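So this one's run_31.txt, compact mmCIF, N, CA and C atoms:
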# COMPACT_ATOMS: atom_id res chain seq x y z
N MET A 1 23.47 2.49 5.35
CA MET A 1 23.47 1.65 4.17
C MET A 1 23.11 2.51 2.96
N SER A 2 23.87 2.41 1.89
CA SER A 2 23.61 3.21 0.69
C SER A 2 22.41 2.65 -0.07
N ASP A 3 21.81 3.51 -0.94
CA ASP A 3 20.68 3.06 -1.75
C ASP A 3 21.05 1.88 -2.63
N ALA A 4 22.31 1.87 -3.12
CA ALA A 4 22.75 0.78 -3.99
C ALA A 4 22.77 -0.55 -3.25
N ALA A 5 23.00 -0.51 -1.93
CA ALA A 5 23.08 -1.74 -1.15
C ALA A 5 21.70 -2.26 -0.76
N VAL A 6 20.67 -1.44 -0.83
CA VAL A 6 19.33 -1.85 -0.46
C VAL A 6 18.72 -2.64 -1.61
N ARG A 7 18.32 -3.86 -1.32
CA ARG A 7 17.69 -4.69 -2.34
C ARG A 7 16.26 -4.92 -1.94
N ARG A 8 15.36 -4.55 -2.84
CA ARG A 8 13.93 -4.70 -2.59
C ARG A 8 13.26 -5.23 -3.84
N PRO A 9 12.08 -5.79 -3.66
CA PRO A 9 11.32 -6.19 -4.86
C PRO A 9 10.96 -4.95 -5.68
N ALA A 10 10.90 -5.12 -6.98
CA ALA A 10 10.43 -4.06 -7.88
C ALA A 10 8.92 -4.22 -8.03
N VAL A 11 8.19 -3.10 -8.00
CA VAL A 11 6.74 -3.14 -8.16
C VAL A 11 6.40 -2.91 -9.62
N GLY A 12 5.58 -3.79 -10.15
CA GLY A 12 5.12 -3.65 -11.52
C GLY A 12 3.63 -3.87 -11.61
N VAL A 13 3.07 -3.53 -12.77
CA VAL A 13 1.67 -3.79 -13.02
C VAL A 13 1.55 -4.67 -14.26
N GLY A 14 0.58 -5.56 -14.24
CA GLY A 14 0.20 -6.34 -15.40
C GLY A 14 -1.24 -5.99 -15.69
N ILE A 15 -1.59 -5.85 -16.96
CA ILE A 15 -2.94 -5.43 -17.30
C ILE A 15 -3.63 -6.50 -18.12
N VAL A 16 -4.76 -7.00 -17.60
CA VAL A 16 -5.59 -7.97 -18.30
C VAL A 16 -6.66 -7.16 -19.03
N ILE A 17 -6.45 -6.94 -20.33
CA ILE A 17 -7.37 -6.12 -21.13
C ILE A 17 -8.33 -7.05 -21.86
N LEU A 18 -9.59 -6.94 -21.51
CA LEU A 18 -10.62 -7.82 -22.07
C LEU A 18 -11.44 -7.09 -23.12
N ARG A 19 -11.74 -7.80 -24.21
CA ARG A 19 -12.63 -7.31 -25.26
C ARG A 19 -13.42 -8.50 -25.75
N GLY A 20 -14.70 -8.52 -25.43
CA GLY A 20 -15.50 -9.70 -25.77
C GLY A 20 -14.94 -10.91 -25.05
N ARG A 21 -14.66 -11.98 -25.80
CA ARG A 21 -14.09 -13.21 -25.23
C ARG A 21 -12.59 -13.29 -25.46
N ASP A 22 -11.95 -12.14 -25.75
CA ASP A 22 -10.51 -12.09 -26.02
C ASP A 22 -9.78 -11.28 -24.95
N VAL A 23 -8.48 -11.55 -24.85
CA VAL A 23 -7.58 -10.80 -23.98
C VAL A 23 -6.40 -10.34 -24.83
N LEU A 24 -5.90 -9.14 -24.57
CA LEU A 24 -4.81 -8.59 -25.36
C LEU A 24 -3.47 -9.06 -24.80
N LEU A 25 -2.69 -9.72 -25.65
CA LEU A 25 -1.35 -10.18 -25.29
C LEU A 25 -0.32 -9.36 -26.07
N ILE A 26 0.87 -9.25 -25.47
CA ILE A 26 1.99 -8.64 -26.18
C ILE A 26 3.12 -9.65 -26.25
N GLN A 27 3.93 -9.50 -27.28
CA GLN A 27 5.15 -10.30 -27.38
C GLN A 27 6.29 -9.40 -26.92
N ARG A 28 6.99 -9.82 -25.88
CA ARG A 28 8.04 -9.01 -25.27
C ARG A 28 9.15 -8.70 -26.27
N GLY A 29 9.64 -7.45 -26.20
CA GLY A 29 10.69 -7.02 -27.11
C GLY A 29 12.03 -6.77 -26.45
N LYS A 30 12.08 -6.80 -25.12
CA LYS A 30 13.34 -6.55 -24.41
C LYS A 30 14.07 -7.87 -24.16
N ALA A 31 15.36 -7.74 -23.87
CA ALA A 31 16.23 -8.91 -23.71
C ALA A 31 15.65 -9.96 -22.76
N GLN A 32 15.22 -9.53 -21.58
CA GLN A 32 14.66 -10.47 -20.62
C GLN A 32 13.26 -10.86 -21.07
N GLY A 33 13.10 -12.09 -21.52
CA GLY A 33 11.81 -12.56 -22.00
C GLY A 33 11.51 -12.21 -23.44
N ARG A 34 12.49 -11.74 -24.18
CA ARG A 34 12.28 -11.34 -25.57
C ARG A 34 11.63 -12.49 -26.36
N GLY A 35 10.56 -12.15 -27.09
CA GLY A 35 9.87 -13.12 -27.92
C GLY A 35 8.76 -13.87 -27.21
N GLN A 36 8.70 -13.79 -25.89
CA GLN A 36 7.66 -14.50 -25.13
C GLN A 36 6.38 -13.68 -25.10
N TRP A 37 5.25 -14.36 -25.10
CA TRP A 37 3.95 -13.71 -24.99
C TRP A 37 3.64 -13.46 -23.52
N SER A 38 2.99 -12.34 -23.26
CA SER A 38 2.69 -11.94 -21.89
C SER A 38 1.55 -10.95 -21.89
N LEU A 39 1.18 -10.48 -20.71
CA LEU A 39 0.25 -9.38 -20.59
C LEU A 39 1.01 -8.07 -20.74
N PRO A 40 0.36 -7.02 -21.22
CA PRO A 40 1.01 -5.70 -21.19
C PRO A 40 1.31 -5.34 -19.74
N GLY A 41 2.33 -4.56 -19.54
CA GLY A 41 2.64 -4.11 -18.19
C GLY A 41 4.07 -3.65 -18.06
N GLY A 42 4.41 -3.22 -16.87
CA GLY A 42 5.76 -2.74 -16.61
C GLY A 42 5.86 -2.15 -15.22
N HIS A 43 6.93 -1.41 -15.01
CA HIS A 43 7.21 -0.83 -13.69
C HIS A 43 6.28 0.33 -13.36
N GLN A 44 5.94 0.41 -12.10
CA GLN A 44 5.22 1.57 -11.59
C GLN A 44 6.26 2.66 -11.32
N GLU A 45 5.97 3.89 -11.73
CA GLU A 45 6.89 5.00 -11.53
C GLU A 45 6.58 5.71 -10.22
N LEU A 46 7.59 6.36 -9.66
CA LEU A 46 7.45 7.10 -8.42
C LEU A 46 6.37 8.18 -8.57
N GLY A 47 5.44 8.23 -7.64
CA GLY A 47 4.37 9.22 -7.67
C GLY A 47 3.17 8.83 -8.51
N GLU A 48 3.19 7.65 -9.07
CA GLU A 48 2.14 7.18 -9.96
C GLU A 48 1.32 6.12 -9.22
N THR A 49 -0.01 6.21 -9.30
CA THR A 49 -0.85 5.18 -8.70
C THR A 49 -0.77 3.91 -9.57
N VAL A 50 -1.21 2.82 -9.01
CA VAL A 50 -1.23 1.55 -9.76
C VAL A 50 -2.09 1.69 -11.01
N PHE A 51 -3.25 2.34 -10.86
CA PHE A 51 -4.14 2.49 -12.01
C PHE A 51 -3.56 3.44 -13.06
N GLU A 52 -2.89 4.49 -12.64
CA GLU A 52 -2.21 5.38 -13.59
C GLU A 52 -1.12 4.62 -14.34
N ALA A 53 -0.38 3.78 -13.62
CA ALA A 53 0.67 2.97 -14.25
C ALA A 53 0.05 2.02 -15.27
N ALA A 54 -1.09 1.42 -14.93
CA ALA A 54 -1.76 0.49 -15.85
C ALA A 54 -2.19 1.21 -17.13
N GLU A 55 -2.77 2.39 -16.98
CA GLU A 55 -3.20 3.15 -18.16
C GLU A 55 -2.01 3.58 -19.01
N ARG A 56 -0.94 4.05 -18.37
CA ARG A 56 0.25 4.49 -19.11
C ARG A 56 0.91 3.32 -19.84
N GLU A 57 1.13 2.22 -19.14
CA GLU A 57 1.78 1.06 -19.75
C GLU A 57 0.94 0.52 -20.92
N THR A 58 -0.38 0.53 -20.76
CA THR A 58 -1.26 0.07 -21.84
C THR A 58 -1.09 0.95 -23.07
N ARG A 59 -1.12 2.27 -22.87
CA ARG A 59 -0.95 3.20 -24.01
C ARG A 59 0.41 3.01 -24.67
N GLU A 60 1.47 2.93 -23.86
CA GLU A 60 2.82 2.82 -24.40
C GLU A 60 3.04 1.52 -25.16
N GLU A 61 2.54 0.41 -24.65
CA GLU A 61 2.82 -0.89 -25.26
C GLU A 61 1.82 -1.29 -26.33
N THR A 62 0.58 -0.78 -26.25
CA THR A 62 -0.44 -1.28 -27.17
C THR A 62 -1.21 -0.20 -27.93
N GLY A 63 -1.16 1.04 -27.46
CA GLY A 63 -1.88 2.12 -28.13
C GLY A 63 -3.37 2.15 -27.88
N VAL A 64 -3.89 1.31 -26.99
CA VAL A 64 -5.33 1.31 -26.73
C VAL A 64 -5.65 2.04 -25.43
N GLU A 65 -6.91 2.44 -25.30
CA GLU A 65 -7.41 3.07 -24.08
C GLU A 65 -8.27 2.05 -23.35
N ILE A 66 -8.25 2.11 -22.02
CA ILE A 66 -8.94 1.11 -21.21
C ILE A 66 -9.82 1.76 -20.15
N ASP A 67 -10.76 0.97 -19.66
CA ASP A 67 -11.54 1.30 -18.47
C ASP A 67 -11.19 0.25 -17.43
N ILE A 68 -10.66 0.69 -16.31
CA ILE A 68 -10.18 -0.23 -15.28
C ILE A 68 -11.32 -0.73 -14.41
N LEU A 69 -11.32 -2.05 -14.20
CA LEU A 69 -12.31 -2.69 -13.33
C LEU A 69 -11.80 -2.75 -11.89
N GLY A 70 -10.52 -3.02 -11.71
CA GLY A 70 -9.95 -3.11 -10.37
C GLY A 70 -8.78 -4.08 -10.34
N VAL A 71 -8.25 -4.28 -9.16
CA VAL A 71 -7.12 -5.21 -8.96
C VAL A 71 -7.67 -6.63 -8.96
N VAL A 72 -7.01 -7.49 -9.74
CA VAL A 72 -7.41 -8.90 -9.81
C VAL A 72 -6.63 -9.72 -8.80
N GLU A 73 -5.31 -9.51 -8.77
CA GLU A 73 -4.43 -10.38 -7.98
C GLU A 73 -3.07 -9.71 -7.83
N VAL A 74 -2.33 -10.14 -6.85
CA VAL A 74 -0.93 -9.73 -6.69
C VAL A 74 -0.10 -11.00 -6.78
N VAL A 75 0.89 -10.97 -7.68
CA VAL A 75 1.70 -12.15 -7.96
C VAL A 75 3.17 -11.78 -7.75
N ASP A 76 3.92 -12.67 -7.12
CA ASP A 76 5.36 -12.47 -6.97
C ASP A 76 6.09 -13.36 -7.95
N ASN A 77 7.01 -12.76 -8.70
CA ASN A 77 7.88 -13.50 -9.62
C ASN A 77 9.29 -13.40 -9.04
N ILE A 78 9.72 -14.46 -8.40
CA ILE A 78 11.03 -14.49 -7.73
C ILE A 78 11.95 -15.42 -8.51
N VAL A 79 13.05 -14.85 -9.00
CA VAL A 79 14.02 -15.60 -9.78
C VAL A 79 15.26 -15.82 -8.91
N LYS A 80 15.55 -17.09 -8.62
CA LYS A 80 16.68 -17.42 -7.76
C LYS A 80 17.86 -17.89 -8.60
N GLY A 81 19.04 -17.51 -8.15
CA GLY A 81 20.28 -17.93 -8.78
C GLY A 81 21.10 -18.76 -7.82
N GLU A 82 22.34 -18.97 -8.18
CA GLU A 82 23.23 -19.79 -7.34
C GLU A 82 23.49 -19.17 -5.97
N THR A 83 23.48 -17.85 -5.89
CA THR A 83 23.84 -17.17 -4.64
C THR A 83 22.64 -16.55 -3.93
N GLY A 84 21.44 -16.88 -4.35
CA GLY A 84 20.24 -16.32 -3.70
C GLY A 84 19.27 -15.78 -4.72
N VAL A 85 18.56 -14.74 -4.35
CA VAL A 85 17.55 -14.14 -5.22
C VAL A 85 18.22 -13.18 -6.20
N ASP A 86 18.04 -13.45 -7.49
CA ASP A 86 18.56 -12.56 -8.54
C ASP A 86 17.61 -11.40 -8.80
N ARG A 87 16.33 -11.71 -8.90
CA ARG A 87 15.31 -10.68 -9.19
C ARG A 87 14.04 -11.05 -8.45
N HIS A 88 13.32 -10.00 -8.02
CA HIS A 88 12.03 -10.21 -7.36
C HIS A 88 11.10 -9.10 -7.83
N TYR A 89 10.06 -9.50 -8.54
CA TYR A 89 9.05 -8.55 -9.01
C TYR A 89 7.75 -8.85 -8.29
N THR A 90 7.14 -7.83 -7.69
CA THR A 90 5.80 -7.94 -7.16
C THR A 90 4.90 -7.29 -8.21
N ILE A 91 4.03 -8.09 -8.81
CA ILE A 91 3.20 -7.64 -9.93
C ILE A 91 1.76 -7.51 -9.47
N ILE A 92 1.24 -6.30 -9.60
CA ILE A 92 -0.16 -6.05 -9.27
C ILE A 92 -0.94 -6.14 -10.58
N ASP A 93 -1.74 -7.20 -10.70
CA ASP A 93 -2.50 -7.42 -11.93
C ASP A 93 -3.85 -6.71 -11.85
N VAL A 94 -4.12 -5.91 -12.88
CA VAL A 94 -5.31 -5.08 -12.96
C VAL A 94 -6.18 -5.59 -14.11
N ALA A 95 -7.49 -5.69 -13.86
CA ALA A 95 -8.44 -6.06 -14.92
C ALA A 95 -8.96 -4.78 -15.55
N ALA A 96 -9.10 -4.81 -16.88
CA ALA A 96 -9.60 -3.63 -17.60
C ALA A 96 -10.38 -4.07 -18.83
N LEU A 97 -11.26 -3.19 -19.26
CA LEU A 97 -12.00 -3.40 -20.49
C LEU A 97 -11.43 -2.49 -21.57
N TRP A 98 -11.29 -3.02 -22.78
CA TRP A 98 -10.88 -2.22 -23.92
C TRP A 98 -11.94 -1.16 -24.15
N ARG A 99 -11.51 0.10 -24.29
CA ARG A 99 -12.44 1.20 -24.55
C ARG A 99 -12.35 1.66 -26.00
N SER A 100 -11.11 1.88 -26.49
CA SER A 100 -10.95 2.39 -27.86
C SER A 100 -9.51 2.19 -28.31
N GLY A 101 -9.31 2.37 -29.61
CA GLY A 101 -7.98 2.30 -30.19
C GLY A 101 -7.71 0.97 -30.86
N GLU A 102 -6.88 1.05 -31.88
CA GLU A 102 -6.44 -0.14 -32.61
C GLU A 102 -5.17 -0.64 -31.94
N ALA A 103 -5.15 -1.89 -31.52
CA ALA A 103 -3.96 -2.44 -30.86
C ALA A 103 -2.79 -2.47 -31.84
N ARG A 104 -1.64 -1.96 -31.38
CA ARG A 104 -0.41 -1.95 -32.17
C ARG A 104 0.76 -2.13 -31.21
N ALA A 105 1.81 -2.74 -31.71
CA ALA A 105 3.00 -2.96 -30.89
C ALA A 105 3.74 -1.64 -30.74
N GLY A 106 3.92 -1.21 -29.52
CA GLY A 106 4.64 0.03 -29.23
C GLY A 106 5.65 -0.21 -28.14
N ASP A 107 6.41 0.82 -27.81
CA ASP A 107 7.38 0.80 -26.71
C ASP A 107 8.26 -0.45 -26.78
N ASP A 108 8.13 -1.37 -25.82
CA ASP A 108 9.02 -2.55 -25.81
C ASP A 108 8.30 -3.84 -26.23
N ALA A 109 7.25 -3.71 -27.03
CA ALA A 109 6.52 -4.88 -27.53
C ALA A 109 6.89 -5.15 -28.99
N LEU A 110 7.09 -6.42 -29.33
CA LEU A 110 7.34 -6.81 -30.73
C LEU A 110 6.05 -6.96 -31.51
N ALA A 111 4.99 -7.45 -30.82
CA ALA A 111 3.72 -7.71 -31.47
C ALA A 111 2.62 -7.67 -30.43
N VAL A 112 1.37 -7.48 -30.90
CA VAL A 112 0.19 -7.57 -30.04
C VAL A 112 -0.79 -8.53 -30.70
N TYR A 113 -1.63 -9.15 -29.88
CA TYR A 113 -2.59 -10.10 -30.43
C TYR A 113 -3.78 -10.23 -29.49
N TRP A 114 -4.99 -10.12 -30.05
CA TRP A 114 -6.20 -10.40 -29.29
C TRP A 114 -6.40 -11.91 -29.29
N ALA A 115 -6.12 -12.54 -28.16
CA ALA A 115 -6.17 -13.99 -28.06
C ALA A 115 -7.47 -14.44 -27.40
N PRO A 116 -8.07 -15.51 -27.92
CA PRO A 116 -9.27 -16.04 -27.25
C PRO A 116 -8.91 -16.56 -25.86
N ILE A 117 -9.70 -16.18 -24.87
CA ILE A 117 -9.43 -16.60 -23.49
C ILE A 117 -9.38 -18.12 -23.39
N ASP A 118 -10.22 -18.79 -24.16
CA ASP A 118 -10.25 -20.25 -24.11
C ASP A 118 -9.12 -20.91 -24.90
N GLY A 119 -8.29 -20.12 -25.58
CA GLY A 119 -7.20 -20.67 -26.39
C GLY A 119 -5.83 -20.21 -25.98
N LEU A 120 -5.64 -19.88 -24.71
CA LEU A 120 -4.36 -19.33 -24.25
C LEU A 120 -3.24 -20.37 -24.18
N GLY A 121 -3.60 -21.64 -24.18
CA GLY A 121 -2.60 -22.70 -24.07
C GLY A 121 -1.56 -22.69 -25.16
N ARG A 122 -1.89 -22.20 -26.33
CA ARG A 122 -0.94 -22.24 -27.46
C ARG A 122 0.12 -21.15 -27.41
N PHE A 123 0.06 -20.24 -26.41
CA PHE A 123 0.99 -19.12 -26.34
C PHE A 123 2.16 -19.36 -25.38
N ASN A 124 2.25 -20.53 -24.78
CA ASN A 124 3.33 -20.86 -23.86
C ASN A 124 3.47 -19.79 -22.76
N LEU A 125 2.35 -19.42 -22.17
CA LEU A 125 2.32 -18.39 -21.14
C LEU A 125 2.70 -18.97 -19.78
N TRP A 126 3.24 -18.10 -18.93
CA TRP A 126 3.47 -18.44 -17.53
C TRP A 126 2.11 -18.82 -16.95
N SER A 127 2.03 -19.89 -16.18
CA SER A 127 0.75 -20.39 -15.65
C SER A 127 0.01 -19.33 -14.84
N GLU A 128 0.73 -18.45 -14.18
CA GLU A 128 0.10 -17.38 -13.40
C GLU A 128 -0.69 -16.43 -14.30
N ILE A 129 -0.22 -16.20 -15.52
CA ILE A 129 -0.93 -15.32 -16.45
C ILE A 129 -2.29 -15.92 -16.79
N ILE A 130 -2.31 -17.19 -17.11
CA ILE A 130 -3.57 -17.86 -17.45
C ILE A 130 -4.53 -17.80 -16.26
N ARG A 131 -4.03 -18.06 -15.08
CA ARG A 131 -4.86 -18.02 -13.87
C ARG A 131 -5.45 -16.63 -13.66
N VAL A 132 -4.63 -15.59 -13.81
CA VAL A 132 -5.07 -14.21 -13.59
C VAL A 132 -6.07 -13.78 -14.67
N VAL A 133 -5.86 -14.19 -15.92
CA VAL A 133 -6.81 -13.86 -16.99
C VAL A 133 -8.17 -14.47 -16.67
N ARG A 134 -8.18 -15.69 -16.22
CA ARG A 134 -9.46 -16.35 -15.89
C ARG A 134 -10.14 -15.65 -14.71
N MET A 135 -9.35 -15.22 -13.74
CA MET A 135 -9.91 -14.48 -12.60
C MET A 135 -10.52 -13.16 -13.07
N ALA A 136 -9.84 -12.45 -13.97
CA ALA A 136 -10.34 -11.18 -14.49
C ALA A 136 -11.63 -11.39 -15.27
N ASP A 137 -11.69 -12.46 -16.03
CA ASP A 137 -12.89 -12.78 -16.81
C ASP A 137 -14.06 -13.04 -15.86
N ARG A 138 -13.82 -13.76 -14.78
CA ARG A 138 -14.88 -14.00 -13.79
C ARG A 138 -15.30 -12.69 -13.13
N MET A 139 -14.33 -11.83 -12.82
CA MET A 139 -14.61 -10.53 -12.22
C MET A 139 -15.54 -9.71 -13.13
N ARG A 140 -15.25 -9.72 -14.41
CA ARG A 140 -16.05 -8.97 -15.38
C ARG A 140 -17.47 -9.52 -15.44
N ARG A 141 -17.61 -10.84 -15.43
CA ARG A 141 -18.93 -11.46 -15.59
C ARG A 141 -19.80 -11.36 -14.34
N ARG A 142 -19.17 -11.11 -13.19
CA ARG A 142 -19.96 -10.99 -11.95
C ARG A 142 -20.86 -9.78 -11.99
N GLY A 143 -20.40 -8.67 -12.63
CA GLY A 143 -21.16 -7.44 -12.78
C GLY A 143 -22.08 -7.16 -11.59
N PRO A 144 -22.80 -6.08 -11.51
CA PRO A 144 -22.64 -4.97 -12.45
C PRO A 144 -21.28 -4.30 -12.25
N LEU A 145 -20.73 -3.80 -13.32
CA LEU A 145 -19.40 -3.22 -13.28
C LEU A 145 -19.42 -1.79 -12.75
N ARG A 146 -18.46 -1.49 -11.93
CA ARG A 146 -18.20 -0.11 -11.54
C ARG A 146 -16.78 0.19 -11.97
N LEU A 147 -16.64 0.97 -13.01
CA LEU A 147 -15.33 1.25 -13.56
C LEU A 147 -14.56 2.18 -12.63
N ARG A 148 -13.25 1.94 -12.54
CA ARG A 148 -12.37 2.75 -11.69
C ARG A 148 -11.65 3.78 -12.53
N ARG A 149 -11.50 4.93 -12.04
CA ARG A 149 -10.68 5.97 -12.68
C ARG A 149 -9.48 6.22 -11.80
N SER A 150 -8.36 6.52 -12.40
CA SER A 150 -7.15 6.77 -11.60
C SER A 150 -7.23 8.07 -10.86

Now that the file is in, can you turn its structure into structure tokens?
Amino acid sequence: MSDAAVRRPAVGVGIVILRGRDVLLIQRGKAQGRGQWSLPGGHQELGETVFEAAERETREETGVEIDILGVVEVVDNIVKGETGVDRHYTIIDVAALWRSGEARAGDDALAVYWAPIDGLGRFNLWSEIIRVVRMADRMRRRGPLRLRRS
């Protein structure tokens, strides 16, 4: 079977970046989901750890530096069409604390925004994003924190 015939889920990372009582959101700039608010994130590259991918995607999309707390959750986003599964993304959501840098829209983001965790309802987010942000917030508050390095 050729590589083109092999269909597998794509692995991606989502990053829940916390600063105080806020979480950093991006507005998607690419065709799929363009204009929608989401967490920073993207595909994991070959040879890259999940945490390295989280740090890279954060820098590329937002320009900030983070300290990683750990994996919060693994979420599957399966999009079905008339003939079966069109797309399947396995997203490893990572919790992180903002370390430094001014948030700015970079790479494939149209905008960035520090949103209050308690006010996420107004962003029309996928329900899984809200659930994962709340889980990351609980993870942070459980302390004491042991930051992860890639």

Quiz item: How far is it from atom N of Leu18 in chain A to CA of Gly35 in chain A, in Å with one decimal?
Solution: 21.4 Å

Exercise. List the neighbours of Phe123 in chain A out to 8 Å using all atoms listed in the file; skip same-chain residues closer than 4 positions along the sequence, and give me the result as a list of chain:residue names.
Key: A:Gln36, A:Trp37, A:Ser38, A:Gly119

Please, could you write that set of residues out with N, CA and C atoms as a PDB file, in the frame of the given file?
ATOM      1  N   GLN A  36       8.700 -13.790 -25.890  1.00  0.00           N
ATOM      2  CA  GLN A  36       7.660 -14.500 -25.130  1.00  0.00           C
ATOM      3  C   GLN A  36       6.380 -13.680 -25.100  1.00  0.00           C
ATOM      4  N   TRP A  37       5.250 -14.360 -25.100  1.00  0.00           N
ATOM      5  CA  TRP A  37       3.950 -13.710 -24.990  1.00  0.00           C
ATOM      6  C   TRP A  37       3.640 -13.460 -23.520  1.00  0.00           C
ATOM      7  N   SER A  38       2.990 -12.340 -23.260  1.00  0.00           N
ATOM      8  CA  SER A  38       2.690 -11.940 -21.890  1.00  0.00           C
ATOM      9  C   SER A  38       1.550 -10.950 -21.890  1.00  0.00           C
ATOM     10  N   GLY A 119      -8.290 -20.120 -25.580  1.00  0.00           N
ATOM     11  CA  GLY A 119      -7.200 -20.670 -26.390  1.00  0.00           C
ATOM     12  C   GLY A 119      -5.830 -20.210 -25.980  1.00  0.00           C
TER      13      GLY A 119
END

DSSP says helix (DSSP H, G or I) for which residues of range 32-93 of chain A? Put them as a compact mmCIF listing (two decimals) with N, CA and C atoms, keeping the file's coordinate frame?
# COMPACT_ATOMS: atom_id res chain seq x y z
N VAL A 50 -1.21 2.82 -9.01
CA VAL A 50 -1.23 1.55 -9.76
C VAL A 50 -2.09 1.69 -11.01
N PHE A 51 -3.25 2.34 -10.86
CA PHE A 51 -4.14 2.49 -12.01
C PHE A 51 -3.56 3.44 -13.06
N GLU A 52 -2.89 4.49 -12.64
CA GLU A 52 -2.21 5.38 -13.59
C GLU A 52 -1.12 4.62 -14.34
N ALA A 53 -0.38 3.78 -13.62
CA ALA A 53 0.67 2.97 -14.25
C ALA A 53 0.05 2.02 -15.27
N ALA A 54 -1.09 1.42 -14.93
CA ALA A 54 -1.76 0.49 -15.85
C ALA A 54 -2.19 1.21 -17.13
N GLU A 55 -2.77 2.39 -16.98
CA GLU A 55 -3.20 3.15 -18.16
C GLU A 55 -2.01 3.58 -19.01
N ARG A 56 -0.94 4.05 -18.37
CA ARG A 56 0.25 4.49 -19.11
C ARG A 56 0.91 3.32 -19.84
N GLU A 57 1.13 2.22 -19.14
CA GLU A 57 1.78 1.06 -19.75
C GLU A 57 0.94 0.52 -20.92
N THR A 58 -0.38 0.53 -20.76
CA THR A 58 -1.26 0.07 -21.84
C THR A 58 -1.09 0.95 -23.07
N ARG A 59 -1.12 2.27 -22.87
CA ARG A 59 -0.95 3.20 -24.01
C ARG A 59 0.41 3.01 -24.67
N GLU A 60 1.47 2.93 -23.86
CA GLU A 60 2.82 2.82 -24.40
C GLU A 60 3.04 1.52 -25.16
N GLU A 61 2.54 0.41 -24.65
CA GLU A 61 2.82 -0.89 -25.26
C GLU A 61 1.82 -1.29 -26.33
N THR A 62 0.58 -0.78 -26.25
CA THR A 62 -0.44 -1.28 -27.17
C THR A 62 -1.21 -0.20 -27.93

Enumerate, in order of chain and increasing residue number, the residues of range 110-136 of chain A with an atom no farther than 10 Å from range 60-69 of chain A, each with its shortest atom pair and distance in Å to one decimal, counting only C-alpha atoms, as a tab-separated table.
residue	atom	partner	partner_atom	distance
A:Leu110	CA	A:Glu61	CA	9.2
A:Ala111	CA	A:Thr62	CA	8.8
A:Val112	CA	A:Thr62	CA	6.9
A:Tyr113	CA	A:Thr62	CA	9.6
A:Ala136	CA	A:Leu69	CA	8.8

Keeping only N, CA and C atoms, write the selected residues to a file as a CSV table (one decimal), keeping the file's coordinate frame.
chain,number,residue,atom,x,y,z
A,110,LEU,N,7.1,-6.4,-29.3
A,110,LEU,CA,7.3,-6.8,-30.7
A,110,LEU,C,6.0,-7.0,-31.5
A,111,ALA,N,5.0,-7.4,-30.8
A,111,ALA,CA,3.7,-7.7,-31.5
A,111,ALA,C,2.6,-7.7,-30.4
A,112,VAL,N,1.4,-7.5,-30.9
A,112,VAL,CA,0.2,-7.6,-30.0
A,112,VAL,C,-0.8,-8.5,-30.7
A,113,TYR,N,-1.6,-9.2,-29.9
A,113,TYR,CA,-2.6,-10.1,-30.4
A,113,TYR,C,-3.8,-10.2,-29.5
A,136,ALA,N,-9.8,-12.4,-14.0
A,136,ALA,CA,-10.3,-11.2,-14.5
A,136,ALA,C,-11.6,-11.4,-15.3

Quiz item: Smallest atom-to-atom distance to Arg59 in chain A: which of A:Glu45, A:Glu82, A:Glu73, A:Asp107, using only N, CA and C atoms?
Solution: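 Distance minimum relative to Arg59 in chain A lands on A:Asp107.
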
Quiz item: Pick the closest to Arg34 in chain A from A:Asp137, A:Asp108, A:Asp118, A:Glu128: which is it, counting only C-alpha atoms?
Solution: A:Asp108

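Nearest residue to Arg140 in chain A, choosing from A:Val74, A:Ile26, A:Ile91, A:Ala96 and counting only C-alpha atoms: A:Ala96.
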
Practice problem: Figure out the distance between atom N of Leu46 in chain A and atom N of Ser127 in chain A, please, to one decimal in Å. | Solution: 27.6 Å

Quiz item: Among range 5-46 of chain A, which residues carry a DSSP assignment of strand (DSSP E), reported as a count of residues only?
Solution: 22

Quiz item: In Å, with one decimal, what is the gap from CA of Leu25 in chain A to CA of Asn124 in chain A?
Solution: 11.7 Å

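Among the candidate residues A:Ala53, A:Ala103, A:Val72, A:Ala95, the one lying nearest to Val16 in chain A is A:Ala95, with distances computed using all atoms listed in the file.
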
At a cut-off of 7 Å, using only C-alpha atoms, what residues contact Gln44 in chain A? Leave out same-chain residues fewer than 2 positions from it and give the result as a CSV table (one decimal) with N, CA and C atoms, in the frame of the given file.
chain,number,residue,atom,x,y,z
A,11,VAL,N,8.2,-3.1,-8.0
A,11,VAL,CA,6.7,-3.1,-8.2
A,11,VAL,C,6.4,-2.9,-9.6
A,12,GLY,N,5.6,-3.8,-10.2
A,12,GLY,CA,5.1,-3.6,-11.5
A,12,GLY,C,3.6,-3.9,-11.6
A,13,VAL,N,3.1,-3.5,-12.8
A,13,VAL,CA,1.7,-3.8,-13.0
A,13,VAL,C,1.6,-4.7,-14.3
A,42,GLY,N,4.4,-3.2,-16.9
A,42,GLY,CA,5.8,-2.7,-16.6
A,42,GLY,C,5.9,-2.2,-15.2
A,46,LEU,N,7.6,6.4,-9.7
A,46,LEU,CA,7.4,7.1,-8.4
A,46,LEU,C,6.4,8.2,-8.6
A,48,GLU,N,3.2,7.6,-9.1
A,48,GLU,CA,2.1,7.2,-10.0
A,48,GLU,C,1.3,6.1,-9.2
A,50,VAL,N,-1.2,2.8,-9.0
A,50,VAL,CA,-1.2,1.6,-9.8
A,50,VAL,C,-2.1,1.7,-11.0
A,53,ALA,N,-0.4,3.8,-13.6
A,53,ALA,CA,0.7,3.0,-14.2
A,53,ALA,C,0.0,2.0,-15.3

Quiz prompt | Nearest residue to Lys30 in chain A from the set A:Val133, A:Val94, A:Ala109, A:Leu125 (distances using all atoms listed in the file) | solution =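 Looking at the shortest contact to Lys30 in chain A, the residue is A:Ala109.
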
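Restricting the calculation to all atoms listed in the file, the smallest distance between Val132 in chain A and any of A:Asp93, A:Leu120, A:Gln32, A:Arg87 is found for A:Asp93.
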